[in-house]
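Text of the file work-v8.txt, holding compact mmCIF, C-alpha atoms:
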```txt
# COMPACT_ATOMS: atom_id res chain seq x y z
CA MET A 1 -55.99 12.74 29.83
CA LYS A 2 -55.52 9.20 28.60
CA ILE A 3 -54.60 6.20 30.76
CA LEU A 4 -53.66 2.60 29.98
CA ILE A 5 -54.29 0.02 32.72
CA ILE A 6 -52.22 -3.17 32.41
CA GLU A 7 -53.72 -5.66 34.85
CA ASP A 8 -54.74 -9.32 34.50
CA GLU A 9 -57.01 -9.50 37.56
CA GLN A 10 -60.31 -8.73 35.85
CA ASP A 11 -62.23 -7.42 38.88
CA MET A 12 -59.40 -5.06 39.79
CA LEU A 13 -59.05 -3.98 36.17
CA GLN A 14 -62.75 -3.17 35.88
CA ASN A 15 -62.87 -1.34 39.23
CA MET A 16 -59.93 0.86 38.30
CA LYS A 17 -61.37 1.55 34.86
CA ASP A 18 -64.82 2.46 36.19
CA PHE A 19 -63.42 4.76 38.87
CA LEU A 20 -60.99 6.62 36.60
CA GLU A 21 -63.63 7.10 33.90
CA LYS A 22 -65.84 8.75 36.52
CA GLU A 23 -62.90 11.09 37.14
CA ASN A 24 -63.12 12.07 33.46
CA PHE A 25 -60.07 10.15 32.24
CA VAL A 26 -60.08 8.30 28.92
CA VAL A 27 -59.16 4.74 29.91
CA GLU A 28 -57.90 1.82 27.84
CA THR A 29 -56.99 -1.61 29.20
CA ALA A 30 -54.71 -4.58 28.56
CA ASP A 31 -54.55 -7.82 30.53
CA SER A 32 -51.27 -9.19 29.14
CA VAL A 33 -47.77 -8.10 28.15
CA PHE A 34 -48.59 -8.96 24.53
CA GLU A 35 -51.71 -6.79 24.39
CA ALA A 36 -49.96 -3.95 26.24
CA GLN A 37 -47.02 -3.99 23.82
CA ASN A 38 -49.40 -3.79 20.85
CA LYS A 39 -51.23 -0.78 22.29
CA ILE A 40 -48.12 1.06 23.46
CA GLY A 41 -46.51 0.49 20.06
CA VAL A 42 -49.36 2.26 18.30
CA TYR A 43 -50.76 4.78 20.78
CA SER A 44 -49.39 7.23 23.35
CA TYR A 45 -50.67 7.60 26.91
CA ASP A 46 -50.38 10.22 29.61
CA CYS A 47 -50.06 7.57 32.30
CA ILE A 48 -49.69 3.78 32.39
CA LEU A 49 -50.81 1.78 35.43
CA LEU A 50 -48.69 -1.36 35.38
CA ASP A 51 -49.05 -4.57 37.36
CA ILE A 52 -45.84 -6.57 37.85
CA ASN A 53 -47.23 -10.11 37.69
CA LEU A 54 -48.93 -10.66 34.34
CA LYS A 55 -50.08 -13.95 32.89
CA ASP A 56 -47.59 -13.95 30.02
CA GLY A 57 -44.60 -12.13 31.53
CA SER A 58 -43.22 -9.56 33.92
CA GLY A 59 -44.29 -5.96 34.21
CA PHE A 60 -40.68 -5.12 35.02
CA SER A 61 -39.53 -6.40 31.61
CA LEU A 62 -42.27 -4.36 29.93
CA LEU A 63 -41.14 -1.25 31.83
CA GLU A 64 -37.54 -1.93 30.80
CA ASP A 65 -38.61 -2.15 27.16
CA LEU A 66 -40.48 1.16 27.44
CA LYS A 67 -37.40 2.96 28.65
CA LYS A 68 -35.09 1.29 26.10
CA ASN A 69 -37.41 2.46 23.33
CA ASN A 70 -37.51 6.01 24.77
CA ILE A 71 -41.26 5.88 25.34
CA GLU A 72 -41.91 8.73 27.76
CA ASP A 73 -45.39 7.78 29.02
CA GLY A 74 -45.72 8.20 32.79
CA VAL A 75 -45.74 4.86 34.65
CA ILE A 76 -47.17 3.93 38.04
CA ILE A 77 -46.54 0.36 39.17
CA VAL A 78 -49.62 -1.08 40.87
CA SER A 79 -48.76 -4.38 42.55
CA ALA A 80 -49.50 -6.73 45.42
CA ARG A 81 -45.75 -7.14 45.81
CA ASN A 82 -44.85 -4.65 48.52
CA SER A 83 -41.21 -5.44 49.26
CA LEU A 84 -38.57 -2.72 49.30
CA ASP A 85 -36.57 -4.59 46.65
CA ASP A 86 -39.55 -4.57 44.26
CA LYS A 87 -40.15 -0.87 44.83
CA LEU A 88 -36.50 -0.02 44.26
CA GLU A 89 -36.34 -2.15 41.10
CA GLY A 90 -39.42 -0.49 39.66
CA LEU A 91 -38.24 3.03 40.42
CA ASN A 92 -34.71 2.30 39.19
CA LEU A 93 -36.17 1.02 35.92
CA GLY A 94 -37.87 4.38 35.43
CA ALA A 95 -41.33 4.14 37.02
CA ASP A 96 -42.70 7.45 38.32
CA ASP A 97 -44.39 5.89 41.35
CA TYR A 98 -45.18 2.58 43.05
CA LEU A 99 -48.55 1.86 44.66
CA ALA A 100 -48.98 -1.35 46.67
CA LYS A 101 -52.26 -3.27 46.70
CA PRO A 102 -54.69 -3.03 48.38
CA PHE A 103 -55.25 0.70 48.00
CA HIS A 104 -58.10 3.21 48.02
CA MET A 105 -59.18 4.39 44.59
CA SER A 106 -58.95 7.98 45.80
CA GLU A 107 -55.24 7.43 46.45
CA LEU A 108 -54.78 5.98 42.97
CA ASN A 109 -56.51 9.05 41.54
CA ALA A 110 -54.23 11.38 43.52
CA ARG A 111 -51.10 9.50 42.40
CA VAL A 112 -52.18 9.63 38.73
CA LYS A 113 -52.88 13.37 38.90
CA ALA A 114 -49.52 13.97 40.59
CA VAL A 115 -47.67 12.15 37.80
CA LEU A 116 -49.58 14.10 35.15
CA ARG A 117 -48.83 17.41 36.83
CA ARG A 118 -45.13 16.62 37.14
CA ARG A 119 -44.75 15.37 33.60
CA GLN A 120 -46.95 17.72 31.60
CA PHE A 121 -47.63 20.81 33.65
CA LYS A 122 -44.46 21.22 35.78
CA GLY A 123 -46.24 20.19 38.97
CA ASN A 124 -48.99 22.78 38.70
CA ASN A 125 -52.67 22.20 39.47
CA LYS A 126 -53.60 25.06 37.18
CA ILE A 127 -52.64 25.88 33.61
CA THR A 128 -52.55 29.52 32.58
CA ILE A 129 -52.11 30.74 29.02
CA GLY A 130 -52.83 34.43 28.57
CA ASN A 131 -56.23 35.10 30.14
CA LEU A 132 -57.17 31.39 30.03
CA SER A 133 -57.00 29.32 33.21
CA ILE A 134 -57.68 25.59 33.59
CA ASP A 135 -58.13 24.00 37.02
CA LEU A 136 -57.05 20.38 36.59
CA ASP A 137 -58.53 19.16 39.88
CA GLU A 138 -61.92 20.83 39.51
CA HIS A 139 -62.15 20.43 35.72
CA GLU A 140 -63.02 24.11 35.42
CA VAL A 141 -62.04 26.62 32.74
CA SER A 142 -62.16 30.39 33.06
CA ILE A 143 -61.25 33.38 30.91
CA ASP A 144 -60.47 36.63 32.68
CA GLU A 145 -61.63 34.80 35.84
CA LYS A 146 -65.09 34.26 34.33
CA PRO A 147 -66.25 30.61 34.04
CA LEU A 148 -66.30 29.12 30.55
CA ASN A 149 -68.90 26.37 30.24
CA LEU A 150 -67.50 23.38 28.33
CA ASN A 151 -68.83 19.87 27.93
CA ARG A 152 -66.57 16.94 28.84
CA LYS A 153 -65.17 16.37 25.35
CA GLU A 154 -64.56 20.09 24.80
CA PHE A 155 -62.63 20.17 28.07
CA GLU A 156 -60.54 17.13 27.11
CA ILE A 157 -59.78 18.59 23.68
CA LEU A 158 -58.74 21.92 25.19
CA LEU A 159 -56.52 20.16 27.75
CA PHE A 160 -54.89 18.09 25.01
CA PHE A 161 -54.15 21.20 22.99
CA THR A 162 -52.73 23.09 25.97
CA SER A 163 -50.35 20.22 26.69
CA ASN A 164 -49.27 20.46 23.03
CA GLN A 165 -49.22 24.25 22.67
CA ASN A 166 -47.76 25.48 19.38
CA ARG A 167 -47.48 21.90 18.08
CA LEU A 168 -49.35 20.67 15.04
CA VAL A 169 -51.88 18.04 16.15
CA ASN A 170 -53.28 15.85 13.39
CA LYS A 171 -56.91 14.81 13.41
CA SER A 172 -56.32 11.11 13.94
CA ALA A 173 -54.00 11.65 16.94
CA LEU A 174 -56.53 13.99 18.53
CA ALA A 175 -59.44 11.61 17.94
CA GLU A 176 -57.57 8.58 19.27
CA HIS A 177 -56.31 10.43 22.33
CA VAL A 178 -59.66 11.91 23.35
CA TRP A 179 -61.93 9.02 22.38
CA GLY A 180 -59.58 6.10 23.11
CA ASP A 181 -60.73 2.60 22.18
CA HIS A 182 -64.12 3.95 21.08
CA ILE A 183 -62.53 5.64 18.07
CA ASP A 184 -62.99 2.38 16.13
CA GLN A 185 -66.75 2.91 16.27
CA ALA A 186 -66.54 6.17 14.35
CA ASP A 187 -66.74 6.14 10.55
CA SER A 188 -65.56 9.72 10.02
CA PHE A 189 -64.03 12.71 11.76
CA GLU A 190 -67.27 14.69 11.76
CA PHE A 191 -67.60 14.32 15.53
CA ILE A 192 -64.17 15.98 15.94
CA TYR A 193 -65.06 18.84 13.64
CA SER A 194 -68.27 19.44 15.57
CA GLN A 195 -66.60 19.51 19.01
CA ILE A 196 -63.71 21.71 17.87
CA LYS A 197 -66.06 24.09 16.04
CA ASN A 198 -68.07 24.59 19.24
CA LEU A 199 -64.92 24.97 21.34
CA ARG A 200 -63.43 27.57 18.99
CA LYS A 201 -66.71 29.47 18.98
CA LYS A 202 -66.82 29.55 22.80
CA LEU A 203 -63.19 30.69 23.07
CA LYS A 204 -63.75 33.47 20.56
CA ALA A 205 -67.00 34.64 22.20
CA ALA A 206 -65.21 34.84 25.56
CA ASP A 207 -62.37 36.84 23.97
CA ALA A 208 -59.73 34.26 24.91
CA ASP A 209 -56.06 35.02 24.32
CA ILE A 210 -55.69 31.67 22.59
CA GLU A 211 -57.11 30.24 19.41
CA ILE A 212 -57.18 26.83 17.77
CA LYS A 213 -55.99 27.30 14.21
CA ALA A 214 -56.92 24.84 11.49
CA VAL A 215 -54.08 23.63 9.26
CA TYR A 216 -55.84 22.60 6.07
CA GLY A 217 -55.79 18.88 5.40
CA ILE A 218 -53.65 18.05 8.44
CA GLY A 219 -55.06 19.11 11.79
CA TYR A 220 -54.96 21.94 14.32
CA LYS A 221 -52.58 24.03 16.39
CA LEU A 222 -53.26 25.97 19.60
CA VAL A 223 -51.52 29.36 19.60
CA GLU A 224 -51.57 32.40 21.84
CA ARG A 225 -52.82 35.57 20.18
```

Kindly present the structure from the file in structure tokens form.
Amino acid sequence: MKILIIEDEQDMLQNMKDFLEKENFVVETADSVFEAQNKIGVYSYDCILLDINLKDGSGFSLLEDLKKNNIEDGVIIVSARNSLDDKLEGLNLGADDYLAKPFHMSELNARVKAVLRRRQFKGNNKITIGNLSIDLDEHEVSIDEKPLNLNRKEFEILLFFTSNQNRLVNKSALAEHVWGDHIDQADSFEFIYSQIKNLRKKLKAADADIEIKAVYGIGYKLVER
């Protein structure tokens, strides 16, 4: 799952990024409205953590622009402003949640997971497709109740496909979503082919009811057999 943190307090930004990466999220950052607009205009995110007071503008105006442009990324406002009026304004503008500073990182993690469950998996902690089961909290995958051993990237790829079941996913969208800002360091898609090849092999060996079909020259699609 991919998160964008929009925060201009550098220590807070780094702490949030470090913590969420340890929780196996792909995390990108922006410290201004301008940088955030550039990233949101090009990439999609599962959840945006948005501060209200930014050095070049208001987080509220950025949130308003998101909704006007029909961008459906989940949004949690993270702010030192804890008044009822600010909370109501943020929620009325379309934010999914409002978390006042200071807060425990474990609470932030719980709020992010709750938004992801509501938006992508209908509030469920587990995803089930055929005989495949994914535990979102424990980061565990099983087939016919038997554990399927996946590395971190294989898990993230599988989760991305399950949230886009039966949709054609092109290679560049998959790479950018799973690898985030680090995608710029790659000079080819060979790393994607390798991870997907291993994942497909593991799913087939475990006799999964799903398969990841290659669409020549375009990308992949997860379907139920």

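Interatomic distance, atom CA of Ser79 of chain A to atom CA of Lys39 of chain A: 20.7 Å.
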
Nearest candidate to Glu176 of chain A (options A:Ile192, A:Ala110, A:Leu54, A:Val33; using all atoms listed in the file):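 Among the listed residues, the smallest separation from Glu176 of chain A belongs to A:Ile192.
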
Close residues, segment 112-128 of chain A itself excluded, 8 Å, only C-alpha atoms, min 3 positions apart in chain, as an MDAnalysis selection string: chainID A and resid 46:47 74 76 96:97 108:109 131:137 163

Preceding selection exported with C-alpha atoms as a PDB file, in the frame of the given file:
```
ATOM      1  CA  ASP A  46     -50.380  10.220  29.610  1.00  0.00           C
ATOM      2  CA  CYS A  47     -50.060   7.570  32.300  1.00  0.00           C
ATOM      3  CA  GLY A  74     -45.720   8.200  32.790  1.00  0.00           C
ATOM      4  CA  ILE A  76     -47.170   3.930  38.040  1.00  0.00           C
ATOM      5  CA  ASP A  96     -42.700   7.450  38.320  1.00  0.00           C
ATOM      6  CA  ASP A  97     -44.390   5.890  41.350  1.00  0.00           C
ATOM      7  CA  LEU A 108     -54.780   5.980  42.970  1.00  0.00           C
ATOM      8  CA  ASN A 109     -56.510   9.050  41.540  1.00  0.00           C
ATOM      9  CA  ASN A 131     -56.230  35.100  30.140  1.00  0.00           C
ATOM     10  CA  LEU A 132     -57.170  31.390  30.030  1.00  0.00           C
ATOM     11  CA  SER A 133     -57.000  29.320  33.210  1.00  0.00           C
ATOM     12  CA  ILE A 134     -57.680  25.590  33.590  1.00  0.00           C
ATOM     13  CA  ASP A 135     -58.130  24.000  37.020  1.00  0.00           C
ATOM     14  CA  LEU A 136     -57.050  20.380  36.590  1.00  0.00           C
ATOM     15  CA  ASP A 137     -58.530  19.160  39.880  1.00  0.00           C
ATOM     16  CA  SER A 163     -50.350  20.220  26.690  1.00  0.00           C
TER      17      SER A 163
END
```

Atomic separation - atom CA of Ser44 of chain A relative to atom CA of Asn24 of chain A, Å: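 Atom-to-atom, atom CA of Asn24 of chain A and atom CA of Ser44 of chain A are spaced 17.7 Å apart.
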
Residues within 12 Å of Ser58 of chain A, only C-alpha atoms, excluding chain neighbours under 4 positions, as a PDB file with C-alpha atoms, in the coordinates of the input:
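Ended up saving to part23.pdb:
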```pdb
ATOM      1  CA  ILE A   6     -52.220  -3.170  32.410  1.00  0.00           C
ATOM      2  CA  GLU A   7     -53.720  -5.660  34.850  1.00  0.00           C
ATOM      3  CA  ASP A   8     -54.740  -9.320  34.500  1.00  0.00           C
ATOM      4  CA  ASP A  31     -54.550  -7.820  30.530  1.00  0.00           C
ATOM      5  CA  SER A  32     -51.270  -9.190  29.140  1.00  0.00           C
ATOM      6  CA  VAL A  33     -47.770  -8.100  28.150  1.00  0.00           C
ATOM      7  CA  PHE A  34     -48.590  -8.960  24.530  1.00  0.00           C
ATOM      8  CA  ALA A  36     -49.960  -3.950  26.240  1.00  0.00           C
ATOM      9  CA  LEU A  50     -48.690  -1.360  35.380  1.00  0.00           C
ATOM     10  CA  ASP A  51     -49.050  -4.570  37.360  1.00  0.00           C
ATOM     11  CA  ILE A  52     -45.840  -6.570  37.850  1.00  0.00           C
ATOM     12  CA  ASN A  53     -47.230 -10.110  37.690  1.00  0.00           C
ATOM     13  CA  LEU A  54     -48.930 -10.660  34.340  1.00  0.00           C
ATOM     14  CA  LEU A  62     -42.270  -4.360  29.930  1.00  0.00           C
ATOM     15  CA  LEU A  63     -41.140  -1.250  31.830  1.00  0.00           C
ATOM     16  CA  GLU A  64     -37.540  -1.930  30.800  1.00  0.00           C
ATOM     17  CA  ASP A  65     -38.610  -2.150  27.160  1.00  0.00           C
ATOM     18  CA  ILE A  77     -46.540   0.360  39.170  1.00  0.00           C
ATOM     19  CA  SER A  79     -48.760  -4.380  42.550  1.00  0.00           C
ATOM     20  CA  GLY A  90     -39.420  -0.490  39.660  1.00  0.00           C
TER      21      GLY A  90
END
```

Selected residue, from A:Ala208, A:Glu156, A:Val215, A:Tyr193, that lies nearest to Leu168 of chain A when counting only C-alpha atoms: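 Of the candidates, the smallest distance to Leu168 of chain A is held by A:Val215.
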
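Between atom CA of Met16 of chain A and atom CA of Glu89 of chain A the interatomic distance comes to 23.9 Å.
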
Shell of 12 Å around Lys87 of chain A, only C-alpha atoms, local chain residues under 4 positions omitted, as a PyMOL selection string: chain A and resi 52+60+76-83+91-100

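Considering only C-alpha atoms, the residue among A:Asn170, A:Phe191, A:Glu35, A:Leu203 positioned nearest to Ile218 of chain A is A:Asn170.
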
Selected residue, from A:Asn149, A:Ser61, A:Asn38, A:Ser142, that lies nearest to Gly130 of chain A when counting all atoms listed in the file: A:Ser142

Nearest residue to Asp73 of chain A from the set A:Ile129, A:Leu148, A:Leu88, A:Ile3 (distances using all atoms listed in the file): A:Ile3
